[in-house]
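Trainee: My structure is stored as data-v3.pdb, with PDB, C-alpha atoms and all ligand atoms.
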```pdb
ATOM      1  CA  MET A   1      35.674   5.497  21.201  1.00  0.00           C
ATOM      2  CA  SER A   2      34.479   8.664  19.558  1.00  0.00           C
ATOM      3  CA  GLY A   3      36.145  11.007  21.961  1.00  0.00           C
ATOM      4  CA  ALA A   4      37.175  13.466  19.284  1.00  0.00           C
ATOM      5  CA  GLN A   5      33.605  13.880  17.979  1.00  0.00           C
ATOM      6  CA  PRO A   6      31.434  13.439  21.051  1.00  0.00           C
ATOM      7  CA  ASN A   7      28.169  14.286  19.290  1.00  0.00           C
ATOM      8  CA  ALA A   8      28.514  11.876  16.432  1.00  0.00           C
ATOM      9  CA  GLY A   9      26.753   8.901  17.934  1.00  0.00           C
ATOM     10  CA  ALA A  10      24.275   8.525  20.751  1.00  0.00           C
ATOM     11  CA  ALA A  11      25.398   7.086  24.070  1.00  0.00           C
ATOM     12  CA  GLY A  12      26.305   3.426  23.843  1.00  0.00           C
ATOM     13  CA  GLU A  13      26.810   3.551  20.107  1.00  0.00           C
ATOM     14  CA  ILE A  14      30.080   3.011  18.352  1.00  0.00           C
ATOM     15  CA  ALA A  15      30.573   5.840  15.901  1.00  0.00           C
ATOM     16  CA  VAL A  16      32.326   5.146  12.620  1.00  0.00           C
ATOM     17  CA  PHE A  17      33.316   8.109  10.505  1.00  0.00           C
ATOM     18  CA  SER A  18      33.003   8.108   6.758  1.00  0.00           C
ATOM     19  CA  ILE A  19      35.834  10.494   6.041  1.00  0.00           C
ATOM     20  CA  LEU A  20      35.982  13.343   3.564  1.00  0.00           C
ATOM     21  CA  ARG A  21      39.734  13.819   3.542  1.00  0.00           C
ATOM     22  CA  GLU A  22      42.302  11.088   3.467  1.00  0.00           C
ATOM     23  CA  SER A  23      43.823   9.867   6.668  1.00  0.00           C
ATOM     24  CA  LYS A  24      46.038   7.105   7.972  1.00  0.00           C
ATOM     25  CA  CYS A  25      45.468   4.386  10.541  1.00  0.00           C
ATOM     26  CA  SER A  26      47.476   5.237  13.661  1.00  0.00           C
ATOM     27  CA  GLU A  27      48.044   1.577  14.405  1.00  0.00           C
ATOM     28  CA  CYS A  28      48.724  -0.327  11.157  1.00  0.00           C
ATOM     29  CA  GLY A  29      49.588   2.676   9.023  1.00  0.00           C
ATOM     30  CA  GLU A  30      47.097   1.877   6.283  1.00  0.00           C
ATOM     31  CA  GLU A  31      46.254   4.801   4.008  1.00  0.00           C
ATOM     32  CA  LEU A  32      42.613   5.727   4.321  1.00  0.00           C
ATOM     33  CA  TYR A  33      41.223   7.520   1.292  1.00  0.00           C
ATOM     34  CA  GLY A  34      38.282   9.871   1.212  1.00  0.00           C
ATOM     35  CA  GLY A  35      35.073   7.904   1.583  1.00  0.00           C
ATOM     36  CA  SER A  36      36.609   5.166   3.677  1.00  0.00           C
ATOM     37  CA  MET A  37      35.648   4.502   7.270  1.00  0.00           C
ATOM     38  CA  LEU A  38      37.534   4.837  10.487  1.00  0.00           C
ATOM     39  CA  THR A  39      37.021   5.228  14.188  1.00  0.00           C
ATOM     40  CA  MET A  40      38.691   7.638  16.523  1.00  0.00           C
ATOM     41  CA  TYR A  41      40.552   6.114  19.447  1.00  0.00           C
ATOM     42  CA  ARG A  42      42.103   8.445  21.982  1.00  0.00           C
ATOM     43  CA  GLY A  43      42.097  11.198  19.413  1.00  0.00           C
ATOM     44  CA  ALA A  44      43.786   9.140  16.681  1.00  0.00           C
ATOM     45  CA  PRO A  45      42.281   7.465  13.608  1.00  0.00           C
ATOM     46  CA  LEU A  46      41.978   3.688  13.462  1.00  0.00           C
ATOM     47  CA  CYS A  47      41.037   1.691  10.380  1.00  0.00           C
ATOM     48  CA  LEU A  48      38.075  -0.665  10.695  1.00  0.00           C
ATOM     49  CA  ALA A  49      40.312  -3.730  10.919  1.00  0.00           C
ATOM     50  CA  CYS A  50      42.292  -2.266  13.798  1.00  0.00           C
ATOM     51  CA  SER A  51      39.003  -1.170  15.383  1.00  0.00           C
ATOM     52  CA  ASP A  52      37.888  -4.834  15.284  1.00  0.00           C
ATOM     53  CA  LEU A  53      34.991  -3.831  13.067  1.00  0.00           C
ATOM     54  CA  GLY A  54      36.446  -5.151   9.829  1.00  0.00           C
ATOM     55  CA  HIS A  55      34.073  -8.104   9.661  1.00  0.00           C
ATOM     56  CA  LEU A  56      30.969  -5.940   9.684  1.00  0.00           C
ATOM     57  CA  VAL A  57      28.961  -5.077   6.588  1.00  0.00           C
ATOM     58  CA  TYR A  58      27.469  -1.734   5.710  1.00  0.00           C
ATOM     59  CA  LEU A  59      23.754  -1.073   5.492  1.00  0.00           C
ATOM     60  CA  GLY A  60      22.810   2.373   4.224  1.00  0.00           C
ATOM     61  CA  ARG A  61      19.989   4.224   5.875  1.00  0.00           C
ATOM     62  CA  GLY A  62      16.535   4.308   4.305  1.00  0.00           C
ATOM     63  CA  ASP A  63      14.760   1.199   5.504  1.00  0.00           C
ATOM     64  CA  ALA A  64      13.953   1.793   9.164  1.00  0.00           C
ATOM     65  CA  THR A  65      12.575  -1.698   9.827  1.00  0.00           C
ATOM     66  CA  LEU A  66      15.496  -3.443   8.197  1.00  0.00           C
ATOM     67  CA  THR A  67      17.926  -1.234  10.121  1.00  0.00           C
ATOM     68  CA  ARG A  68      16.212  -1.857  13.449  1.00  0.00           C
ATOM     69  CA  ARG A  69      16.145  -5.613  12.933  1.00  0.00           C
ATOM     70  CA  ALA A  70      19.720  -5.832  11.679  1.00  0.00           C
ATOM     71  CA  ARG A  71      20.939  -3.985  14.770  1.00  0.00           C
ATOM     72  CA  LYS A  72      18.840  -6.146  17.036  1.00  0.00           C
ATOM     73  CA  TYR A  73      20.369  -9.353  15.686  1.00  0.00           C
ATOM     74  CA  SER A  74      23.917  -8.063  15.557  1.00  0.00           C
ATOM     75  CA  SER A  75      25.928  -8.512  18.747  1.00  0.00           C
ATOM     76  CA  LEU A  76      28.282  -5.814  17.496  1.00  0.00           C
ATOM     77  CA  SER A  77      27.141  -2.832  15.473  1.00  0.00           C
ATOM     78  CA  ALA A  78      28.234   0.700  14.730  1.00  0.00           C
ATOM     79  CA  VAL A  79      26.666   3.855  13.370  1.00  0.00           C
ATOM     80  CA  VAL A  80      28.291   5.391  10.324  1.00  0.00           C
ATOM     81  CA  VAL A  81      28.301   9.187  10.252  1.00  0.00           C
ATOM     82  CA  ARG A  82      29.703  11.751   7.866  1.00  0.00           C
ATOM     83  CA  PHE A  83      30.344  15.413   8.408  1.00  0.00           C
ATOM     84  CA  SER A  84      28.091  17.654   6.373  1.00  0.00           C
ATOM     85  CA  ARG A  85      29.945  20.834   5.530  1.00  0.00           C
ATOM     86  CA  SER A  86      26.772  22.606   4.532  1.00  0.00           C
ATOM     87  CA  ARG A  87      24.951  21.724   7.741  1.00  0.00           C
ATOM     88  CA  GLY A  88      27.989  21.903   9.964  1.00  0.00           C
ATOM     89  CA  ARG A  89      27.243  18.640  11.738  1.00  0.00           C
ATOM     90  CA  TYR A  90      27.600  14.882  11.554  1.00  0.00           C
ATOM     91  CA  GLU A  91      24.830  13.013   9.815  1.00  0.00           C
ATOM     92  CA  ARG A  92      23.953   9.345   9.978  1.00  0.00           C
ATOM     93  CA  GLN A  93      24.675   7.442   6.785  1.00  0.00           C
ATOM     94  CA  GLY A  94      23.900   3.922   7.825  1.00  0.00           C
ATOM     95  CA  ILE A  95      25.082   1.172  10.119  1.00  0.00           C
ATOM     96  CA  LEU A  96      27.674  -1.569  10.257  1.00  0.00           C
ATOM     97  CA  VAL A  97      26.341  -4.942  11.347  1.00  0.00           C
ATOM     98  CA  GLU A  98      27.280  -8.588  11.239  1.00  0.00           C
ATOM     99  CA  GLU A  99      26.523 -10.158   7.905  1.00  0.00           C
ATOM    100  CA  ALA A 100      24.414 -12.931   9.440  1.00  0.00           C
ATOM    101  CA  ALA A 101      22.345 -10.329  11.292  1.00  0.00           C
ATOM    102  CA  LEU A 102      21.707  -8.421   8.095  1.00  0.00           C
ATOM    103  CA  GLU A 103      20.720 -11.597   6.305  1.00  0.00           C
ATOM    104  CA  ARG A 104      18.318 -12.568   9.063  1.00  0.00           C
ATOM    105  CA  ALA A 105      16.790  -9.089   9.060  1.00  0.00           C
ATOM    106  CA  GLU A 106      16.414  -9.185   5.287  1.00  0.00           C
ATOM    107  CA  GLN A 107      14.736 -12.572   5.491  1.00  0.00           C
ATOM    108  CA  GLU A 108      12.256 -11.265   8.035  1.00  0.00           C
ATOM    109  CA  CYS A 109      11.445  -8.230   5.988  1.00  0.00           C
ATOM    110  CA  LEU A 110      10.943 -10.432   2.935  1.00  0.00           C
ATOM    111  CA  SER A 111       8.573 -12.772   4.730  1.00  0.00           C
ATOM    112  CA  ASP A 112       6.639  -9.751   6.010  1.00  0.00           C
ATOM    113  CA  GLU A 113       6.297  -8.707   2.409  1.00  0.00           C
ATOM    114  CA  ASP A 114       5.026 -12.169   1.471  1.00  0.00           C
ATOM    115  CA  ARG A 115       2.606 -12.126   4.357  1.00  0.00           C
ATOM    116  CA  ARG A 116       1.258  -8.752   3.307  1.00  0.00           C
ATOM    117  CA  THR A 117       0.824  -9.968  -0.266  1.00  0.00           C
ATOM    118  CA  VAL A 118      -1.100 -13.015   0.936  1.00  0.00           C
ATOM    119  CA  GLN A 119      -3.260 -10.890   3.228  1.00  0.00           C
ATOM    120  CA  ARG A 120      -4.060  -8.490   0.412  1.00  0.00           C
ATOM    121  CA  ALA A 121      -5.050 -11.376  -1.839  1.00  0.00           C
ATOM    122  CA  ARG A 122      -7.213 -12.881   0.900  1.00  0.00           C
ATOM    123  CA  SER A 123      -9.109  -9.705   1.615  1.00  0.00           C
ATOM    124  CA  ALA A 124      -9.646  -9.115  -2.106  1.00  0.00           C
ATOM    125  CA  GLU A 125     -11.049 -12.634  -2.317  1.00  0.00           C
ATOM    126  CA  ARG A 126     -13.283 -11.993   0.677  1.00  0.00           C
ATOM    127  CA  ARG A 127     -14.605  -8.821  -0.917  1.00  0.00           C
ATOM    128  CA  ALA A 128     -15.236 -10.653  -4.186  1.00  0.00           C
ATOM    129  CA  GLU A 129     -17.131 -13.319  -2.225  1.00  0.00           C
ATOM    130  CA  GLU A 130     -19.213 -10.656  -0.485  1.00  0.00           C
ATOM    131  CA  ASP A 131     -19.920  -9.107  -3.847  1.00  0.00           C
ATOM    132  CA  ARG A 132     -21.035 -12.437  -5.289  1.00  0.00           C
ATOM    133  CA  GLU A 133     -23.341 -12.978  -2.322  1.00  0.00           C
ATOM    134  CA  LEU A 134     -24.740  -9.490  -2.636  1.00  0.00           C
ATOM    135  CA  VAL A 135     -25.447 -10.016  -6.351  1.00  0.00           C
ATOM    136  CA  GLU A 136     -27.094 -13.339  -5.530  1.00  0.00           C
ATOM    137  CA  ARG A 137     -29.333 -11.862  -2.852  1.00  0.00           C
ATOM    138  CA  MET A 138     -30.125  -8.867  -5.012  1.00  0.00           C
ATOM    139  CA  THR A 139     -31.077 -11.099  -7.953  1.00  0.00           C
ATOM    140  CA  GLN A 140     -33.455 -13.021  -5.694  1.00  0.00           C
ATOM    141  CA  ALA A 141     -34.955  -9.837  -4.289  1.00  0.00           C
ATOM    142  CA  ILE A 142     -35.524  -8.393  -7.763  1.00  0.00           C
ATOM    143  CA  ARG A 143     -37.262 -11.590  -8.827  1.00  0.00           C
ATOM    144  CA  GLU A 144     -39.504 -11.435  -5.770  1.00  0.00           C
ATOM    145  CA  LEU A 145     -40.465  -7.869  -6.589  1.00  0.00           C
ATOM    146  CA  TYR A 146     -40.796  -8.630 -10.334  1.00  0.00           C
ATOM    147  CA  PRO A 147     -41.761 -12.300 -10.658  1.00  0.00           C
ATOM    148  CA  ARG A 148     -41.878 -12.243 -14.461  1.00  0.00           C
ATOM    149  CA  CYS A 149     -38.598 -10.402 -14.915  1.00  0.00           C
ATOM    150  CA  PRO A 150     -36.378 -12.753 -16.952  1.00  0.00           C
ATOM    151  CA  PRO A 151     -33.799 -14.295 -14.577  1.00  0.00           C
ATOM    152  CA  ALA A 152     -30.877 -13.247 -16.771  1.00  0.00           C
ATOM    153  CA  GLU A 153     -32.147  -9.696 -16.739  1.00  0.00           C
ATOM    154  CA  ALA A 154     -32.580  -9.683 -12.951  1.00  0.00           C
ATOM    155  CA  ARG A 155     -29.030 -10.938 -12.602  1.00  0.00           C
ATOM    156  CA  ALA A 156     -27.680  -8.352 -15.027  1.00  0.00           C
ATOM    157  CA  ILE A 157     -29.376  -5.574 -13.060  1.00  0.00           C
ATOM    158  CA  ALA A 158     -28.038  -6.952  -9.786  1.00  0.00           C
ATOM    159  CA  GLU A 159     -24.513  -7.214 -11.183  1.00  0.00           C
ATOM    160  CA  HIS A 160     -24.680  -3.763 -12.621  1.00  0.00           C
ATOM    161  CA  THR A 161     -25.952  -2.125  -9.454  1.00  0.00           C
ATOM    162  CA  GLY A 162     -24.061  -4.299  -7.016  1.00  0.00           C
ATOM    163  CA  ARG A 163     -20.629  -3.882  -8.534  1.00  0.00           C
ATOM    164  CA  ARG A 164     -18.094  -2.801  -5.972  1.00  0.00           C
ATOM    165  CA  GLY A 165     -16.918   0.733  -6.268  1.00  0.00           C
ATOM    166  CA  SER A 166     -20.013   1.696  -8.194  1.00  0.00           C
ATOM    167  CA  ALA A 167     -21.699   4.826  -6.960  1.00  0.00           C
ATOM    168  CA  ARG A 168     -25.004   3.470  -8.084  1.00  0.00           C
ATOM    169  CA  VAL A 169     -27.851   2.598  -5.810  1.00  0.00           C
ATOM    170  CA  GLY A 170     -26.677  -0.986  -5.360  1.00  0.00           C
ATOM    171  CA  ARG A 171     -23.681   0.083  -3.332  1.00  0.00           C
ATOM    172  CA  THR A 172     -25.554   2.351  -0.991  1.00  0.00           C
ATOM    173  CA  ALA A 173     -26.587   1.147   2.416  1.00  0.00           C
ATOM    174  CA  ALA A 174     -30.139   0.842   1.131  1.00  0.00           C
ATOM    175  CA  GLY A 175     -29.023  -1.273  -1.812  1.00  0.00           C
ATOM    176  CA  ARG A 176     -26.951  -3.465   0.436  1.00  0.00           C
ATOM    177  CA  SER A 177     -29.842  -4.122   2.769  1.00  0.00           C
ATOM    178  CA  LEU A 178     -31.949  -4.801  -0.341  1.00  0.00           C
ATOM    179  CA  ASP A 179     -34.412  -2.099   0.452  1.00  0.00           C
ATOM    180  CA  ALA A 180     -37.354  -2.547  -1.948  1.00  0.00           C
ATOM    181  CA  ALA A 181     -37.517   1.125  -2.867  1.00  0.00           C
ATOM    182  CA  ALA A 182     -33.808   1.210  -3.733  1.00  0.00           C
ATOM    183  CA  LEU A 183     -34.185  -1.942  -5.820  1.00  0.00           C
ATOM    184  CA  ARG A 184     -37.138  -0.463  -7.652  1.00  0.00           C
ATOM    185  CA  LEU A 185     -35.024   2.556  -8.529  1.00  0.00           C
ATOM    186  CA  ALA A 186     -32.273   0.283  -9.798  1.00  0.00           C
ATOM    187  CA  VAL A 187     -34.733  -1.685 -11.898  1.00  0.00           C
ATOM    188  CA  VAL A 188     -36.334   1.449 -13.322  1.00  0.00           C
ATOM    189  CA  ALA A 189     -32.903   2.799 -14.231  1.00  0.00           C
ATOM    190  CA  ALA A 190     -32.005  -0.483 -15.907  1.00  0.00           C
ATOM    191  CA  VAL A 191     -35.263  -0.622 -17.844  1.00  0.00           C
ATOM    192  CA  ARG A 192     -34.797   2.969 -18.921  1.00  0.00           C
ATOM    193  CA  HIS A 193     -31.390   2.149 -20.423  1.00  0.00           C
ATOM    194  CA  ARG A 194     -32.149  -1.305 -21.787  1.00  0.00           C
ATOM    195  CA  HIS A 195     -35.766  -1.153 -22.930  1.00  0.00           C
ATOM    196  CA  THR A 196     -36.294   2.416 -24.076  1.00  0.00           C
ATOM    197  CA  ASN A 197     -34.570   4.837 -26.428  1.00  0.00           C
ATOM    198  CA  TYR A 198     -33.649   7.061 -23.502  1.00  0.00           C
ATOM    199  CA  ASP A 199     -29.899   6.875 -24.152  1.00  0.00           C
ATOM    200  CA  GLU A 200     -30.461   7.674 -27.794  1.00  0.00           C
ATOM    201  CA  LEU A 201     -32.557  10.705 -26.842  1.00  0.00           C
ATOM    202  CA  LEU A 202     -29.778  11.940 -24.579  1.00  0.00           C
ATOM    203  CA  MET A 203     -27.245  11.421 -27.346  1.00  0.00           C
ATOM    204  CA  ARG A 204     -29.395  13.506 -29.668  1.00  0.00           C
ATOM    205  CA  GLY A 205     -29.174  16.337 -27.180  1.00  0.00           C
ATOM    206  CA  ARG A 206     -32.607  15.915 -25.664  1.00  0.00           C
ATOM    207  CA  ASP A 207     -33.028  17.544 -22.257  1.00  0.00           C
ATOM    208  CA  ARG A 208     -32.748  14.960 -19.494  1.00  0.00           C
ATOM    209  CA  ALA A 209     -36.133  15.717 -17.908  1.00  0.00           C
ATOM    210  CA  ASP A 210     -37.854  15.711 -21.318  1.00  0.00           C
ATOM    211  CA  ALA A 211     -36.183  12.435 -22.231  1.00  0.00           C
ATOM    212  CA  ARG A 212     -37.260  10.866 -18.958  1.00  0.00           C
ATOM    213  CA  ALA A 213     -40.827  12.009 -19.500  1.00  0.00           C
ATOM    214  CA  ALA A 214     -40.770  10.653 -23.050  1.00  0.00           C
ATOM    215  CA  VAL A 215     -39.860   7.141 -21.923  1.00  0.00           C
ATOM    216  CA  ALA A 216     -41.874   6.996 -18.691  1.00  0.00           C
ATOM    217  CA  GLY A 217     -44.826   5.201 -20.338  1.00  0.00           C
ATOM    218  CA  ARG A 218     -42.594   2.601 -21.919  1.00  0.00           C
ATOM    219  CA  ILE A 219     -40.897   1.921 -18.577  1.00  0.00           C
ATOM    220  CA  GLU A 220     -44.267   1.398 -16.914  1.00  0.00           C
ATOM    221  CA  GLU A 221     -45.249  -1.129 -19.591  1.00  0.00           C
ATOM    222  CA  VAL A 222     -42.142  -3.195 -19.018  1.00  0.00           C
ATOM    223  CA  ILE A 223     -42.462  -3.038 -15.240  1.00  0.00           C
ATOM    224  CA  ASP A 224     -46.120  -4.125 -15.514  1.00  0.00           C
ATOM    225  CA  ARG A 225     -45.130  -7.000 -17.761  1.00  0.00           C
ATOM    226  CA  TRP A 226     -42.634  -8.116 -15.156  1.00  0.00           C
ATOM    227  CA  GLY A 227     -45.385  -8.188 -12.576  1.00  0.00           C
ATOM    228  CA  GLY A 228     -44.144  -5.225 -10.562  1.00  0.00           C
TER
HETATM  229 ZN    ZN B 301      44.732  -0.162  11.002  1.00  0.00          ZN
END
```
Could you express the structure from this file as structure tokens?
Ligand SMILES: [Zn+2]
Mentor:
Amino acid sequence: MSGAQPNAGAAGEIAVFSILRESKCSECGEELYGGSMLTMYRGAPLCLACSDLGHLVYLGRGDATLTRRARKYSSLSAVVVRFSRSRGRYERQGILVEEAALERAEQECLSDEDRRTVQRARSAERRAEEDRELVERMTQAIRELYPRCPPAEARAIAEHTGRRGSARVGRTAAGRSLDAAALRLAVVAAVRHRHTNYDELLMRGRDRADARAAVAGRIEEVIDRWGG
């Protein structure tokens, strides 16, 4: 059908030309303005109606999945091309497909979208569940290491160190496997911030190593009190 422009569409495809200059249907005589679509039949332009493509709807390029599905479901389809003066060749603009095929394709793409949304929500939920379990196990482990640590405090430390995305010790492999040494580090860090004036010292411009040394005794007291 595209004898005049043999390179416009691949083999087995009906090529429809989105025209730049006006033309006229060689069969019904309809004026075809720039931007309208026609096919070439034995070297002469045919409007879409005379090409028996008038019932098809246009789908612009851009969504590869939607395009593929719409073509698959359409028993008749065509590729719309337009000549690019700057590039000196025909370029694909979109396709013409049956309306029902396009609707079916759109439906499928929409339900894919729904499915992806549900899957995202489910995996977020699963991660939250894992996080809750990790905090639970970590709270227990802290209380085993420090029997007299107040439960609320153990939980707060576990939540703080176990929070997803945190770079702190709780998220490391060691923290996850509830390695005692890693938990001790987490507890010491928590005690340093919550039970000493370490943060205040840092705020006052105290050197980090000096500040740590200054609060070391206080940390030991608290840890001892907790039975560590
Ligand atoms: Zn016509």
Trainee: Give me the chain A side of the contact with ligand ZN 301 (chain B), cut-off 9 Å, one line per residue showing its nearest atom pair and distance in Å at one decimal, counting only C-alpha atoms and all ligand atoms, sorted by chain and residue number, as CSV.
Mentor:
```
residue,atom,partner,partner_atom,distance
A:Lys24,CA,B:ZN301,ZN,8.0
A:Cys25,CA,B:ZN301,ZN,4.6
A:Ser26,CA,B:ZN301,ZN,6.6
A:Glu27,CA,B:ZN301,ZN,5.1
A:Cys28,CA,B:ZN301,ZN,4.0
A:Gly29,CA,B:ZN301,ZN,6.0
A:Glu30,CA,B:ZN301,ZN,5.7
A:Glu31,CA,B:ZN301,ZN,8.7
A:Leu38,CA,B:ZN301,ZN,8.8
A:Pro45,CA,B:ZN301,ZN,8.4
A:Leu46,CA,B:ZN301,ZN,5.3
A:Cys47,CA,B:ZN301,ZN,4.2
A:Leu48,CA,B:ZN301,ZN,6.7
A:Ala49,CA,B:ZN301,ZN,5.7
A:Cys50,CA,B:ZN301,ZN,4.3
A:Ser51,CA,B:ZN301,ZN,7.3
```
Trainee: At a cut-off of 6 Å, using only C-alpha atoms, what residues contact Glu22 of chain A? Leave out same-chain residues fewer than 3 positions from it and give the result as a list of chain:residue names.
Mentor: A:Leu32, A:Tyr33, A:Gly34
Trainee: Write out, as a PDB file, in the coordinates of the input, the residues just selected, with C-alpha atoms.
Mentor:
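Here's the written file result-v7.pdb:
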```pdb
ATOM      1  CA  LEU A  32      42.613   5.727   4.321  1.00  0.00           C
ATOM      2  CA  TYR A  33      41.223   7.520   1.292  1.00  0.00           C
ATOM      3  CA  GLY A  34      38.282   9.871   1.212  1.00  0.00           C
TER       4      GLY A  34
END
```
Trainee: Given the file shown, determine the residues that the PyMOL selection byres (((chain A and resi 182-190) around 7) and not hetatm) selects; report them as a list in words.
Mentor: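 What the PyMOL selection byres (((chain A and resi 182-190) around 7) and not hetatm) grabs from the file is Ile142, Ile157, Thr161, Val169, Ala174, Gly175, Leu178, Asp179, Ala180, Ala181, Val191, Arg192, His193, Arg194 and Ile219 of chain A.
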Trainee: Do you have the atom CA of Asp131 of chain A-atom CA of Ala158 of chain A distance handy?
Mentor: 10.3 Å
Trainee: Could you give me, as a ChimeraX atom specification, the residues within 8 Å of Leu59 of chain A, counting all atoms listed in the file and dropping anything in the same chain fewer than 2 positions from it?
Mentor: /A:57,61,67,94-97
Trainee: Measuring between only C-alpha atoms, which one of A:Gly43, A:Ser111, A:Gln140, A:Gly162 shows the shortest distance to Ala128 of chain A?
Mentor: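 Closest residue, counting only C-alpha atoms: A:Gly162.
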Trainee: Can you translate the PyMOL selection byres (((chain A and resi 215) around 8) and not hetatm) into the concrete residues it hits in this file, as a count of residues only?
Mentor: 12
Trainee: Grab the atom CA of Ser74 of chain A to atom CA of Ser18 of chain A distance for me, in Å with one decimal place.
Mentor: 20.5 Å
Trainee: Taking into account all atoms listed in the file, which residue in the set A:Arg132, A:Thr139, A:Phe17, A:Arg225 is nearest to Tyr90 of chain A?
Mentor: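 Residue with the minimum atom-to-atom distance to Tyr90 of chain A: A:Phe17.
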Trainee: Take atom CA of Ala70 of chain A and atom CA of Gln107 of chain A and report the distance between them in Å, one decimal.
Mentor: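 It comes out at 10.4 Å.
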Trainee: Restricting the calculation to only C-alpha atoms: of A:Glu91, A:Asp210, A:Glu220, A:Glu108, which residue gets closest to Arg68 of chain A?
Mentor: A:Glu108
Trainee: My list of candidates is A:Glu106, A:Pro150, A:Leu202, A:Glu13. Which is closest to Asp63 of chain A when distances are computed with all atoms listed in the file?
Mentor: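 Of A:Glu106, A:Pro150, A:Leu202, A:Glu13, the one nearest Asp63 of chain A is A:Glu106, counting all atoms listed in the file.
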Trainee: Taking into account all atoms listed in the file, which residue in the set A:Leu56, A:Cys149, A:Val118, A:Val135 is nearest to Ile223 of chain A?
Mentor: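 Answer, going by the shortest atom-to-atom distance: A:Cys149.
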Trainee: Enumerate, as a VMD selection string, the residues matched when the PyMOL selection byres (((chain A and resi 80) around 9) and not hetatm) is run on the file above.
Mentor: chain A and resid 8 to 9 14 to 18 37 58 60 78 to 79 81 to 82 91 to 96
Trainee: Between A:Arg126, A:Gly88, A:Arg148, A:Leu66, which residue has the minimum interatomic distance to Cys109 of chain A, considering only C-alpha atoms?
Mentor: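 Comparing A:Arg126, A:Gly88, A:Arg148, A:Leu66 against Cys109 of chain A, the winner is A:Leu66.
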